[in-house]
Amino acid sequence: MSRIPTPATIEAAPEASQPILEAIKKQIGSVPNIFRLISNSPAALTGLTSLQGALGKGTLTAATRERIALAMAQANGCDYCLSAHTFTGAKFAKLDEAEIAANRNGTSNDPKAAAAVEFARALTTVRGSVGADEIGKVRAAGYSDAEIVEIIAHVALNTFTNYVNEALDTEIDFPRIDQKAA
């Protein structure tokens with residue numbers, strides 16, 4: 001059970017959050033606990049879903065976005081996000097078990113994606129204070145300046161969800177993955 005109430009239904013969420021939760025339900029068929037928990041703050045829910053929507057229209061592939069999310073969840077010790085992104089990474093981005101394991105370890109079996117995942121992991125471990133060498137590695141792998149900024153935005157997005165889940169102990173509603181089993 002989470003440390004603050006998770007609205008059990010869309011109707012139990014604050015009124016301003018309900019249209020966003022309805023849109024999530026329409027899009028994916030259900031409303032995962034993280035969205036219902038964050039719905040306690042309509043402003044935070046709007047911010048989260050707006051950033052997700054904007055980044056979904058970016059140039060990074062869905063697979064690379066999931067790879068980054070897996071690396072971030074492992075680095076930040078977030079079992080909820082590990083569980084969610086293992087599920088969505090396999091089901092929607094078609095990542096196999098070996099790729100998911102590599103992502104959790106901060107890399108990828110795909111050379112170009114490895115540069116993005118390693119950069120995301122570096123950003124996390126040094127809290128943004130990467131050097132010119134790290135930027136150079138991502139550029140050398142073929143990422144544009146816009147994509148580098150997108151990677152940083154994905155790190156920020158995933159850090160937010162990781163921290164919400166860890167701070168508030170969001171109840172996992174995906175097949176459970178334990179971060180210690182990397």
# chains A, B, ... in the order shown; residues from 1 in each chain; ligands from 1
>>> residues_around(residues="Ala62 in chain A", least_positions_apart="5", cutoff="9 Å", atoms="only C-alpha atoms", output="list in words")
Gly56, Arg67, Gly89, Phe92 and Ala93 of chain A
>>> write_last_selection(atoms="all heavy atoms", output="CSV table (one decimal), in the first residue's frame")
chain,number,residue,atom,x,y,z
A,56,GLY,N,7.3,11.6,-26.6
A,56,GLY,CA,6.8,10.6,-27.5
A,56,GLY,C,6.8,11.0,-29.0
A,56,GLY,O,6.9,10.2,-29.9
A,67,ARG,N,14.7,1.6,-23.2
A,67,ARG,CA,16.1,1.2,-22.8
A,67,ARG,C,16.5,2.2,-21.7
A,67,ARG,O,17.1,1.8,-20.7
A,67,ARG,CB,17.1,1.2,-23.9
A,67,ARG,CG,16.9,0.1,-24.9
A,67,ARG,CD,17.8,0.2,-26.1
A,67,ARG,NE,17.8,-0.9,-27.0
A,67,ARG,CZ,17.4,-0.9,-28.2
A,67,ARG,NH1,16.9,0.2,-28.8
A,67,ARG,NH2,17.4,-2.0,-28.9
A,89,GLY,N,8.6,-2.6,-22.3
A,89,GLY,CA,9.8,-2.8,-23.2
A,89,GLY,C,9.6,-4.1,-24.0
A,89,GLY,O,9.9,-4.1,-25.2
A,92,PHE,N,5.7,-3.8,-26.1
A,92,PHE,CA,5.5,-2.8,-27.1
A,92,PHE,C,6.8,-2.5,-27.9
A,92,PHE,O,6.7,-2.2,-29.1
A,92,PHE,CB,4.9,-1.5,-26.4
A,92,PHE,CG,3.6,-1.8,-25.8
A,92,PHE,CD1,3.5,-1.7,-24.4
A,92,PHE,CD2,2.5,-2.2,-26.5
A,92,PHE,CE1,2.3,-2.0,-23.7
A,92,PHE,CE2,1.3,-2.4,-25.9
A,92,PHE,CZ,1.2,-2.3,-24.5
A,93,ALA,N,7.9,-2.4,-27.2
A,93,ALA,CA,9.2,-2.1,-27.9
A,93,ALA,C,9.9,-3.3,-28.4
A,93,ALA,O,10.9,-3.2,-29.1
A,93,ALA,CB,10.1,-1.2,-27.0
>>> select_by_dssp(residues="range 4-176 of chain A", states="helix (DSSP H, G or I)", output="PyMOL selection string")
chain A and resi 15-28+33-38+42-56+62-76+79-91+97-104+111-125+132-140+145-168
>>> residues_around(residues="range 13-19 of chain A", least_positions_apart="5", cutoff="10 Å", atoms="only C-alpha atoms", output="PyMOL selection string")
chain A and resi 5-8+24-25+35-46
>>> closest_residue(among="A:Asp173, A:Glu118, A:Asp79, A:Asp96", to="Pro32 in chain A", atoms="only C-alpha atoms")
A:Asp173
>>> atom_distance(atom1="CA of His154 in chain A", atom2="CA of Ile172 in chain A")
21.4 Å
>>> closest_residue(among="A:Asn109, A:Ala102, A:Gly29, A:Asn158", to="Leu48 in chain A", atoms="only C-alpha atoms")
A:Asn158
>>> atom_distance(atom1="CA of Phe160 in chain A", atom2="CA of Asn76 in chain A")
10.4 Å
>>> closest_atom_pairs(of="range 6-83 of chain A", to="range 125-138 of chain A", cutoff="12 Å", atoms="only C-alpha atoms", output="tab-separated table")
residue	atom	partner	partner_atom	distance
A:Ala71	CA	A:Thr125	CA	11.1
A:Met72	CA	A:Thr125	CA	9.7
A:Gln74	CA	A:Thr125	CA	11.3
A:Ala75	CA	A:Thr125	CA	7.6
A:Asn76	CA	A:Thr125	CA	9.0
>>> write_last_selection(atoms="N, CA, C and O atoms", output="tab-separated table (two decimals), in the first residue's frame")
chain	number	residue	atom	x	y	z
A	71	ALA	N	17.37	1.49	-17.69
A	71	ALA	CA	18.65	1.85	-17.06
A	71	ALA	C	18.43	2.78	-15.88
A	71	ALA	O	19.07	2.63	-14.83
A	72	MET	N	17.53	3.73	-16.05
A	72	MET	CA	17.23	4.68	-14.97
A	72	MET	C	16.60	3.98	-13.77
A	72	MET	O	16.96	4.26	-12.63
A	74	GLN	N	16.87	0.92	-12.84
A	74	GLN	CA	17.89	0.13	-12.13
A	74	GLN	C	18.82	1.04	-11.34
A	74	GLN	O	19.08	0.78	-10.16
A	75	ALA	N	19.29	2.10	-11.96
A	75	ALA	CA	20.22	3.02	-11.29
A	75	ALA	C	19.59	3.66	-10.06
A	75	ALA	O	20.26	3.87	-9.05
A	76	ASN	N	18.31	3.97	-10.15
A	76	ASN	CA	17.62	4.63	-9.04
A	76	ASN	C	16.93	3.65	-8.09
A	76	ASN	O	16.30	4.07	-7.12
>>> atom_distance(atom1="CA of Ser144 in chain A", atom2="CA of Asn103 in chain A")
21.2 Å
>>> closest_residue(among="A:Ala63, A:Ala141, A:Leu70, A:Thr49", to="Leu21 in chain A", atoms="only C-alpha atoms")
A:Thr49
>>> residues_around(residues="Ile177 in chain A", least_positions_apart="4", cutoff="9 Å", atoms="only C-alpha atoms", output="number ranges by chain")
A: 79-84, 86, 181
>>> decode(residues="range 16-46 of chain A", atoms="N, CA, C and O atoms", output="mmCIF file, in the first residue's frame")
data_model
loop_
_atom_site.group_PDB
_atom_site.id
_atom_site.type_symbol
_atom_site.label_atom_id
_atom_site.label_comp_id
_atom_site.auth_asym_id
_atom_site.auth_seq_id
_atom_site.Cartn_x
_atom_site.Cartn_y
_atom_site.Cartn_z
ATOM 1 N N ALA A 16 -9.975 17.613 -11.438
ATOM 2 C CA ALA A 16 -9.113 18.134 -12.498
ATOM 3 C C ALA A 16 -8.225 17.049 -13.114
ATOM 4 O O ALA A 16 -7.753 17.201 -14.245
ATOM 5 N N SER A 17 -8.010 15.951 -12.396
ATOM 6 C CA SER A 17 -7.194 14.847 -12.915
ATOM 7 C C SER A 17 -8.002 13.847 -13.732
ATOM 8 O O SER A 17 -7.438 13.090 -14.525
ATOM 9 N N GLN A 18 -9.298 13.839 -13.544
ATOM 10 C CA GLN A 18 -10.127 12.809 -14.161
ATOM 11 C C GLN A 18 -10.048 12.766 -15.687
ATOM 12 O O GLN A 18 -9.919 11.670 -16.259
ATOM 13 N N PRO A 19 -10.082 13.894 -16.402
ATOM 14 C CA PRO A 19 -9.987 13.806 -17.872
ATOM 15 C C PRO A 19 -8.656 13.202 -18.334
ATOM 16 O O PRO A 19 -8.616 12.470 -19.329
ATOM 17 N N ILE A 20 -7.582 13.484 -17.622
ATOM 18 C CA ILE A 20 -6.276 12.931 -17.991
ATOM 19 C C ILE A 20 -6.278 11.425 -17.760
ATOM 20 O O ILE A 20 -5.801 10.650 -18.603
ATOM 21 N N LEU A 21 -6.827 11.001 -16.635
ATOM 22 C CA LEU A 21 -6.893 9.564 -16.355
ATOM 23 C C LEU A 21 -7.783 8.845 -17.360
ATOM 24 O O LEU A 21 -7.470 7.722 -17.787
ATOM 25 N N GLU A 22 -8.873 9.493 -17.764
ATOM 26 C CA GLU A 22 -9.743 8.911 -18.802
ATOM 27 C C GLU A 22 -8.971 8.748 -20.113
ATOM 28 O O GLU A 22 -9.117 7.732 -20.803
ATOM 29 N N ALA A 23 -8.166 9.736 -20.458
ATOM 30 C CA ALA A 23 -7.371 9.658 -21.691
ATOM 31 C C ALA A 23 -6.358 8.520 -21.610
ATOM 32 O O ALA A 23 -6.135 7.802 -22.600
ATOM 33 N N ILE A 24 -5.734 8.341 -20.449
ATOM 34 C CA ILE A 24 -4.784 7.235 -20.261
ATOM 35 C C ILE A 24 -5.506 5.903 -20.423
ATOM 36 O O ILE A 24 -5.025 5.005 -21.127
ATOM 37 N N LYS A 25 -6.670 5.791 -19.804
ATOM 38 C CA LYS A 25 -7.442 4.553 -19.907
ATOM 39 C C LYS A 25 -7.821 4.265 -21.352
ATOM 40 O O LYS A 25 -7.728 3.125 -21.812
ATOM 41 N N LYS A 26 -8.218 5.286 -22.078
ATOM 42 C CA LYS A 26 -8.601 5.115 -23.484
ATOM 43 C C LYS A 26 -7.398 4.681 -24.317
ATOM 44 O O LYS A 26 -7.515 3.830 -25.206
ATOM 45 N N GLN A 27 -6.239 5.243 -24.003
ATOM 46 C CA GLN A 27 -5.034 4.963 -24.777
ATOM 47 C C GLN A 27 -4.483 3.566 -24.505
ATOM 48 O O GLN A 27 -4.107 2.860 -25.440
ATOM 49 N N ILE A 28 -4.416 3.149 -23.225
ATOM 50 C CA ILE A 28 -3.756 1.872 -22.924
ATOM 51 C C ILE A 28 -4.681 0.814 -22.321
ATOM 52 O O ILE A 28 -4.243 -0.302 -22.073
ATOM 53 N N GLY A 29 -5.926 1.171 -22.089
ATOM 54 C CA GLY A 29 -6.888 0.183 -21.619
ATOM 55 C C GLY A 29 -7.050 0.097 -20.113
ATOM 56 O O GLY A 29 -7.976 -0.557 -19.629
ATOM 57 N N SER A 30 -6.162 0.727 -19.377
ATOM 58 C CA SER A 30 -6.249 0.754 -17.912
ATOM 59 C C SER A 30 -5.494 1.980 -17.422
ATOM 60 O O SER A 30 -4.868 2.683 -18.206
ATOM 61 N N VAL A 31 -5.565 2.221 -16.112
ATOM 62 C CA VAL A 31 -4.829 3.344 -15.533
ATOM 63 C C VAL A 31 -3.868 2.773 -14.491
ATOM 64 O O VAL A 31 -4.285 2.416 -13.388
ATOM 65 N N PRO A 32 -2.588 2.648 -14.843
ATOM 66 C CA PRO A 32 -1.617 2.123 -13.880
ATOM 67 C C PRO A 32 -1.576 2.954 -12.599
ATOM 68 O O PRO A 32 -1.883 4.157 -12.594
ATOM 69 N N ASN A 33 -1.189 2.293 -11.522
ATOM 70 C CA ASN A 33 -1.167 2.932 -10.206
ATOM 71 C C ASN A 33 -0.358 4.217 -10.167
ATOM 72 O O ASN A 33 -0.732 5.156 -9.462
ATOM 73 N N ILE A 34 0.754 4.286 -10.891
ATOM 74 C CA ILE A 34 1.562 5.506 -10.838
ATOM 75 C C ILE A 34 0.741 6.728 -11.258
ATOM 76 O O ILE A 34 0.827 7.786 -10.631
ATOM 77 N N PHE A 35 -0.073 6.595 -12.295
ATOM 78 C CA PHE A 35 -0.867 7.736 -12.748
ATOM 79 C C PHE A 35 -1.956 8.078 -11.737
ATOM 80 O O PHE A 35 -2.230 9.255 -11.490
ATOM 81 N N ARG A 36 -2.575 7.050 -11.168
ATOM 82 C CA ARG A 36 -3.624 7.316 -10.180
ATOM 83 C C ARG A 36 -3.022 7.953 -8.924
ATOM 84 O O ARG A 36 -3.609 8.860 -8.353
ATOM 85 N N LEU A 37 -1.819 7.515 -8.538
ATOM 86 C CA LEU A 37 -1.168 8.105 -7.367
ATOM 87 C C LEU A 37 -0.795 9.565 -7.645
ATOM 88 O O LEU A 37 -1.087 10.461 -6.849
ATOM 89 N N ILE A 38 -0.180 9.803 -8.780
ATOM 90 C CA ILE A 38 0.219 11.172 -9.127
ATOM 91 C C ILE A 38 -1.003 12.059 -9.328
ATOM 92 O O ILE A 38 -0.932 13.274 -9.136
ATOM 93 N N SER A 39 -2.160 11.467 -9.657
ATOM 94 C CA SER A 39 -3.367 12.269 -9.873
ATOM 95 C C SER A 39 -3.792 13.044 -8.633
ATOM 96 O O SER A 39 -4.600 13.968 -8.742
ATOM 97 N N ASN A 40 -3.234 12.705 -7.469
ATOM 98 C CA ASN A 40 -3.499 13.504 -6.268
ATOM 99 C C ASN A 40 -3.126 14.963 -6.503
ATOM 100 O O ASN A 40 -3.692 15.854 -5.877
ATOM 101 N N SER A 41 -2.172 15.193 -7.402
ATOM 102 C CA SER A 41 -1.804 16.553 -7.809
ATOM 103 C C SER A 41 -2.116 16.703 -9.285
ATOM 104 O O SER A 41 -1.343 16.237 -10.135
ATOM 105 N N PRO A 42 -3.219 17.339 -9.625
ATOM 106 C CA PRO A 42 -3.516 17.544 -11.040
ATOM 107 C C PRO A 42 -2.369 18.248 -11.794
ATOM 108 O O PRO A 42 -2.106 17.920 -12.956
ATOM 109 N N ALA A 43 -1.684 19.157 -11.132
ATOM 110 C CA ALA A 43 -0.568 19.851 -11.788
ATOM 111 C C ALA A 43 0.566 18.877 -12.112
ATOM 112 O O ALA A 43 1.130 18.911 -13.210
ATOM 113 N N ALA A 44 0.913 18.005 -11.173
ATOM 114 C CA ALA A 44 1.979 17.030 -11.411
ATOM 115 C C ALA A 44 1.575 16.029 -12.489
ATOM 116 O O ALA A 44 2.385 15.663 -13.346
ATOM 117 N N LEU A 45 0.316 15.592 -12.465
ATOM 118 C CA LEU A 45 -0.158 14.657 -13.487
ATOM 119 C C LEU A 45 -0.129 15.312 -14.865
ATOM 120 O O LEU A 45 0.302 14.695 -15.844
ATOM 121 N N THR A 46 -0.554 16.562 -14.948
ATOM 122 C CA THR A 46 -0.501 17.287 -16.209
ATOM 123 C C THR A 46 0.940 17.416 -16.686
ATOM 124 O O THR A 46 1.236 17.193 -17.869
#
